[in-house]
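Participant: So that we are looking at the same thing, I have put the structure below in structure tokens.
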Amino acid sequence: PRTPVNVTVTGAAGQIGYALLFRIASGHLLGPDTPVRLRLLEITPALSAAEGTAMELDDCAFPLLSGIDISDDPNVAFDGANVALLVGARPRTKGMERGDLLEANGGIFKPQGKAINDHAADDVKVLVVGNPANTNALIARAAAPDVPAERFTAMTRLDHNRALSQLSKKTGVPVSEIRRLTIWGNHSATQYPDIFHAEVAGKNAAEAVADEQWLANEFIPTVAKRGAAIIEARGASSAASAANAAIDHVHTWVNGTPDGDWTSMAVPSDGSYGVPEGLISSFPVTTAGGEYRIVQGLDVNEFSRTRIDASVTELTEEREAVRALGLI
Ligand code: NAX
């Protein structure tokens, strides 16, 4: 039997955690041949709720689940982590300024980054889901100088999947026949879902749609504001779809993108497409052999350039703000 892969999940007692853990344990994260050991991190008051979820995981008798550890100490929870899913974060509450939000999250992601640096496995792959995801990933990465920077990523796969679904509805082409869609920039309202390089049933998506009004006034805002629309309708933020996207992100990272396609991941910029080096920004990426590469050489038209720049400017401002707070 193979040695279990250690998967650390923070915010394990939260709503995304509840939707995520059962799918990891049933083999959807790493595949049907890979046993997993779950290591759950929660804050002390939520440990009991995490224990409850662990009891339910036991009650599923998942053949691939080789054990569950629960802790409120990042140094314990990240010990030996091969995959780290950083879901728990401090939400923005009423009247909270952006600086307060970044500072509160710095208090979470800086120590977690250090714990990853000091205790995770050499091959650790990190996905930050907790918002503001890109900048939280930047903070964690800065606190982990011994871990290769490219192992720190943030999630825009939910935005990517939302965009696939909206484009499928518009064109009547199933999502399985849509390729090469891209989310650029920040996981925020400034993100830019780009269909100019996408293909629907083998045709260029922008040409197939041929409707710039729809693109600018419906598609982009619908994708970018989908999170708020879910809260409005459901009375709670996206959880199952976010968990699904986290599974997709890691699964693709580990198993590769199909030939001729790519996905979207927020990764440390190498300067590609004019995105300042080091910013954790969403790009089109291909993956193979457990590594990702930013897709090179795409033409960026003026429509796209303006929108990518706006989102990257926001990321730059967030980086300045956390720098001023001494968090990076
Ligand atoms: P919940 O509030 O249900 O759960 C968060 C959990 O994190 C709580 O159980 C809390 O006790 C725990 N937590 C807080 N601080 C912690 C710490 N220092 N260490 C360990 N655990 C800690 O939120 P949920 O709906 O699960 O969402 C989690 C995060 O995902 C939020 O920041 C949310 O904004 C973000 N999202 C990101 C998305 C993305 O696409 N990148 C989409 C979905 C989601 O909105």
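Labels used: A, B, ... for chains in the order of the structure tokens, numbers from 1 for residues in each chain, and numbers from 1 for ligands as shown.
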Could you write out, as an NGL selection string, all the residues of range 87-272 of chain A that DSSP marks as alpha helix (DSSP H)?
Facilitator: :A and (98-119 or 133-142 or 157-171 or 205-209 or 212-214 or 220-224 or 226-234 or 240-255)
Participant: Tell me which protein, DNA and RNA residues are within 9 Å of range 33-39 of chain A, counting only C-alpha atoms, leaving out same-chain ones fewer than 5 positions away, and put them as number ranges by chain.
Facilitator: A: 1-10, 21, 24-25, 27, 63-71, 76-79, 81
Participant: Put those residues in a file: C-alpha atoms, as a PDB file, in the first residue's frame.
Facilitator:
ATOM      1  CA  PRO A   1       0.000   0.000   0.000  1.00  0.00           C
ATOM      2  CA  ARG A   2       1.192   3.538  -0.756  1.00  0.00           C
ATOM      3  CA  THR A   3       2.203   5.887   2.059  1.00  0.00           C
ATOM      4  CA  PRO A   4      -0.601   8.317   2.814  1.00  0.00           C
ATOM      5  CA  VAL A   5      -0.324  11.877   1.581  1.00  0.00           C
ATOM      6  CA  ASN A   6      -0.723  14.425   4.371  1.00  0.00           C
ATOM      7  CA  VAL A   7      -3.380  16.981   3.541  1.00  0.00           C
ATOM      8  CA  THR A   8      -3.670  19.897   5.956  1.00  0.00           C
ATOM      9  CA  VAL A   9      -6.923  21.855   5.898  1.00  0.00           C
ATOM     10  CA  THR A  10      -7.339  25.069   7.864  1.00  0.00           C
ATOM     11  CA  LEU A  21     -13.156  17.160   3.724  1.00  0.00           C
ATOM     12  CA  ILE A  24     -10.701  14.683  -0.048  1.00  0.00           C
ATOM     13  CA  ALA A  25     -11.271  11.598   2.075  1.00  0.00           C
ATOM     14  CA  GLY A  27     -10.317  10.271  -3.134  1.00  0.00           C
ATOM     15  CA  PRO A  63     -11.111   3.162   2.503  1.00  0.00           C
ATOM     16  CA  LEU A  64      -8.570   5.835   1.521  1.00  0.00           C
ATOM     17  CA  LEU A  65      -8.672   7.774   4.787  1.00  0.00           C
ATOM     18  CA  SER A  66      -5.791   6.606   6.904  1.00  0.00           C
ATOM     19  CA  GLY A  67      -6.255   8.996   9.822  1.00  0.00           C
ATOM     20  CA  ILE A  68      -7.364  12.390  11.093  1.00  0.00           C
ATOM     21  CA  ASP A  69      -5.450  14.721  13.415  1.00  0.00           C
ATOM     22  CA  ILE A  70      -6.955  17.897  14.804  1.00  0.00           C
ATOM     23  CA  SER A  71      -5.035  20.797  16.301  1.00  0.00           C
ATOM     24  CA  VAL A  76       1.397  20.630  14.555  1.00  0.00           C
ATOM     25  CA  ALA A  77      -1.164  20.840  11.768  1.00  0.00           C
ATOM     26  CA  PHE A  78       1.372  21.592   9.026  1.00  0.00           C
ATOM     27  CA  ASP A  79       3.855  18.967  10.224  1.00  0.00           C
ATOM     28  CA  ALA A  81       2.038  18.501   5.021  1.00  0.00           C
TER      29      ALA A  81
END
Participant: Find the distance between CA of Asn255 in chain A and CA of Asp159 in chain A and write it in Å to one decimal.
Facilitator: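 So the answer is 20.4 Å.
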Participant: Counting only C-alpha atoms, which of A:Val295, A:Ala13, A:Leu158, A:Ala50 gets nearest to Ala243 in chain A?
Facilitator: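 Closest candidate: A:Leu158.
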Participant: Please provide as a PyMOL selection string all residues within 9 Å of Asn136 in chain A, with the sequence filter that same-chain residues fewer than 6 positions apart are discarded (counting only C-alpha atoms).
Facilitator: chain A and resi 89+102+105-106+108-110+128-130+154
Participant: Kindly save the residues from that selection, with C-alpha atoms included, as a compact mmCIF listing (two decimals), in the first residue's frame.
Facilitator:
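Okay, result.txt is ready:
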# COMPACT_ATOMS: atom_id res chain seq x y z
CA ALA A 89 -9.58 33.39 7.23
CA LEU A 102 -5.39 42.80 5.74
CA ASN A 105 -5.47 38.14 8.01
CA GLY A 106 -1.77 38.86 8.34
CA ILE A 108 -3.35 34.30 10.48
CA PHE A 109 -1.31 33.81 7.31
CA LYS A 110 2.09 34.97 8.54
CA VAL A 128 -4.95 29.68 -0.34
CA VAL A 129 -8.75 29.90 -0.48
CA GLY A 130 -9.40 32.28 2.44
CA ALA A 154 -4.34 31.17 -4.57
Participant: What is the CA of Asn82 in chain A-CA of Leu30 in chain A distance in Å, reported with one decimal?
Facilitator: 11.3 Å
Participant: If we count only C-alpha atoms and set the cut-off at 9 Å, which residues sit around His160 in chain A, ignoring sequence neighbours fewer than 6 positions away in its own chain? Please answer as a ChimeraX atom specification.
Facilitator: /A:181-183,193,223,245,263-265
Participant: Write to file, as a PDB file, in the first residue's frame, the residues of the selection just made, with all heavy atoms.
Facilitator:
ATOM      1  N   LEU A 181     -10.157  29.108 -21.457  1.00  0.00           N
ATOM      2  CA  LEU A 181     -10.693  30.297 -20.817  1.00  0.00           C
ATOM      3  C   LEU A 181      -9.663  30.761 -19.777  1.00  0.00           C
ATOM      4  O   LEU A 181      -8.905  29.938 -19.257  1.00  0.00           O
ATOM      5  CB  LEU A 181     -11.963  29.859 -20.120  1.00  0.00           C
ATOM      6  CG  LEU A 181     -13.025  30.875 -19.949  1.00  0.00           C
ATOM      7  CD1 LEU A 181     -14.246  30.358 -20.712  1.00  0.00           C
ATOM      8  CD2 LEU A 181     -13.383  30.997 -18.517  1.00  0.00           C
ATOM      9  N   THR A 182      -9.638  32.032 -19.482  1.00  0.00           N
ATOM     10  CA  THR A 182      -8.658  32.524 -18.514  1.00  0.00           C
ATOM     11  C   THR A 182      -9.295  33.500 -17.533  1.00  0.00           C
ATOM     12  O   THR A 182     -10.065  34.376 -17.941  1.00  0.00           O
ATOM     13  CB  THR A 182      -7.520  33.292 -19.226  1.00  0.00           C
ATOM     14  OG1 THR A 182      -6.964  32.470 -20.243  1.00  0.00           O
ATOM     15  CG2 THR A 182      -6.426  33.692 -18.238  1.00  0.00           C
ATOM     16  N   ILE A 183      -8.947  33.355 -16.257  1.00  0.00           N
ATOM     17  CA  ILE A 183      -9.211  34.405 -15.267  1.00  0.00           C
ATOM     18  C   ILE A 183      -7.865  35.085 -15.015  1.00  0.00           C
ATOM     19  O   ILE A 183      -6.879  34.418 -14.698  1.00  0.00           O
ATOM     20  CB  ILE A 183      -9.744  33.830 -13.937  1.00  0.00           C
ATOM     21  CG1 ILE A 183     -11.017  32.998 -14.149  1.00  0.00           C
ATOM     22  CG2 ILE A 183      -9.961  34.960 -12.917  1.00  0.00           C
ATOM     23  CD1 ILE A 183     -12.236  33.745 -14.613  1.00  0.00           C
ATOM     24  N   PRO A 193     -12.364  37.799 -16.461  1.00  0.00           N
ATOM     25  CA  PRO A 193     -12.562  36.553 -17.207  1.00  0.00           C
ATOM     26  C   PRO A 193     -12.441  36.820 -18.706  1.00  0.00           C
ATOM     27  O   PRO A 193     -13.197  37.621 -19.258  1.00  0.00           O
ATOM     28  CB  PRO A 193     -13.985  36.121 -16.824  1.00  0.00           C
ATOM     29  CG  PRO A 193     -14.677  37.336 -16.321  1.00  0.00           C
ATOM     30  CD  PRO A 193     -13.646  38.384 -15.997  1.00  0.00           C
ATOM     31  N   VAL A 223     -19.778  36.982 -13.708  1.00  0.00           N
ATOM     32  CA  VAL A 223     -18.740  36.116 -13.141  1.00  0.00           C
ATOM     33  C   VAL A 223     -18.115  36.791 -11.915  1.00  0.00           C
ATOM     34  O   VAL A 223     -17.976  36.182 -10.853  1.00  0.00           O
ATOM     35  CB  VAL A 223     -17.653  35.795 -14.204  1.00  0.00           C
ATOM     36  CG1 VAL A 223     -16.486  35.040 -13.583  1.00  0.00           C
ATOM     37  CG2 VAL A 223     -18.264  34.987 -15.352  1.00  0.00           C
ATOM     38  N   ALA A 245     -14.021  23.726  -6.379  1.00  0.00           N
ATOM     39  CA  ALA A 245     -12.956  24.416  -7.110  1.00  0.00           C
ATOM     40  C   ALA A 245     -11.590  24.146  -6.471  1.00  0.00           C
ATOM     41  O   ALA A 245     -10.579  24.017  -7.176  1.00  0.00           O
ATOM     42  CB  ALA A 245     -13.237  25.917  -7.159  1.00  0.00           C
ATOM     43  N   THR A 263      -5.765  26.019 -17.518  1.00  0.00           N
ATOM     44  CA  THR A 263      -6.682  26.406 -16.452  1.00  0.00           C
ATOM     45  C   THR A 263      -6.225  27.751 -15.892  1.00  0.00           C
ATOM     46  O   THR A 263      -5.285  28.345 -16.408  1.00  0.00           O
ATOM     47  CB  THR A 263      -6.759  25.304 -15.377  1.00  0.00           C
ATOM     48  OG1 THR A 263      -7.827  25.620 -14.468  1.00  0.00           O
ATOM     49  CG2 THR A 263      -5.458  25.181 -14.589  1.00  0.00           C
ATOM     50  N   SER A 264      -6.915  28.228 -14.869  1.00  0.00           N
ATOM     51  CA  SER A 264      -6.530  29.490 -14.225  1.00  0.00           C
ATOM     52  C   SER A 264      -6.097  29.224 -12.795  1.00  0.00           C
ATOM     53  O   SER A 264      -6.789  28.528 -12.051  1.00  0.00           O
ATOM     54  CB  SER A 264      -7.711  30.470 -14.203  1.00  0.00           C
ATOM     55  OG  SER A 264      -8.211  30.679 -15.505  1.00  0.00           O
ATOM     56  N   MET A 265      -4.941  29.760 -12.446  1.00  0.00           N
ATOM     57  CA  MET A 265      -4.441  29.679 -11.070  1.00  0.00           C
ATOM     58  C   MET A 265      -3.796  31.021 -10.746  1.00  0.00           C
ATOM     59  O   MET A 265      -3.139  31.612 -11.609  1.00  0.00           O
ATOM     60  CB  MET A 265      -3.344  28.599 -10.949  1.00  0.00           C
ATOM     61  CG  MET A 265      -3.822  27.167 -10.935  1.00  0.00           C
ATOM     62  SD  MET A 265      -2.461  25.937 -11.128  1.00  0.00           S
ATOM     63  CE  MET A 265      -1.590  26.098  -9.586  1.00  0.00           C
TER      64      MET A 265
END
Participant: Near Arg180 in chain A, counting only C-alpha atoms, which residues have an atom at most 7 Å away, once you skip same-chain residues fewer than 2 positions from it, shown as JSON, numbers by chain?
Facilitator: {"A": [182, 197, 198, 199, 261, 262, 263]}
Participant: Under the rule that only C-alpha atoms and all ligand atoms are counted, which of A:Pro145, A:Gly278, A:Pro258, A:Pro132 is the nearest residue to ligand 1?
Facilitator: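 Nearest candidate to ligand 1 out of A:Pro145, A:Gly278, A:Pro258, A:Pro132: A:Pro132.
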Participant: Taking 2 positions as the minimum chain separation for residues in the same chain, which residues sit within 9 Å of range 204-214 of chain A when counting only C-alpha atoms? Answer as a PyMOL selection string.
Facilitator: chain A and resi 167+170-171+178+181+195-202+216-220
Participant: Hey, which of A:Leu85, A:Ala61, A:Leu127, A:Ala239 ends up closest to ligand 1? Count only C-alpha atoms and all ligand atoms.
Facilitator: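 Using only C-alpha atoms and all ligand atoms, the shortest distance to ligand 1 belongs to A:Ala239.
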Participant: Find the spatial neighbours of Leu20 in chain A, counting only C-alpha atoms, within a cut-off of 8 Å - ignore same-chain residues fewer than 6 positions away - and output them as a list in words.
Facilitator: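 Skipping anything fewer than 6 positions along the chain leaves Ala240, Ala243, Asn244 and Ile247 of chain A.
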Participant: Would you mind exporting N, CA and C atoms of the selected residues as a compact mmCIF listing (two decimals), in the first residue's frame?
Facilitator:
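The result, stored in result.txt:
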# COMPACT_ATOMS: atom_id res chain seq x y z
N ALA A 240 -20.08 24.70 -1.33
CA ALA A 240 -19.84 23.46 -2.08
C ALA A 240 -19.10 23.75 -3.38
N ALA A 243 -15.50 24.53 -2.48
CA ALA A 243 -14.79 23.29 -2.15
C ALA A 243 -14.47 22.52 -3.43
N ASN A 244 -15.44 22.48 -4.33
CA ASN A 244 -15.24 21.78 -5.61
C ASN A 244 -14.08 22.40 -6.39
N ILE A 247 -10.75 21.42 -4.92
CA ILE A 247 -10.43 20.05 -5.37
C ILE A 247 -9.88 20.11 -6.80
Participant: Of the candidates A:Asp72, A:Glu317, A:Asp299, A:Asp146, which one gets nearest to ligand 1 if we count only C-alpha atoms and all ligand atoms?
Facilitator: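 Comparing A:Asp72, A:Glu317, A:Asp299, A:Asp146 against ligand 1, the winner is A:Asp72.
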Participant: Which residue, A:Gly52, A:Pro111, A:Pro32, A:Gly260, has the smallest gap to ligand 1 when you use only C-alpha atoms and all ligand atoms?
Facilitator: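 Smallest distance to ligand 1 is found for A:Pro111.
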Participant: Counting only C-alpha atoms and all ligand atoms, which of A:Asp248, A:Glu177, A:Asp58, A:Glu97 gets nearest to ligand 1?
Facilitator: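 Between A:Asp248, A:Glu177, A:Asp58, A:Glu97, the residue approaching ligand 1 most closely is A:Asp248.
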Participant: Write down as a count of residues only the residues of range 123-163 of chain A whose backbone DSSP state falls under strand (DSSP E).
Facilitator: 7
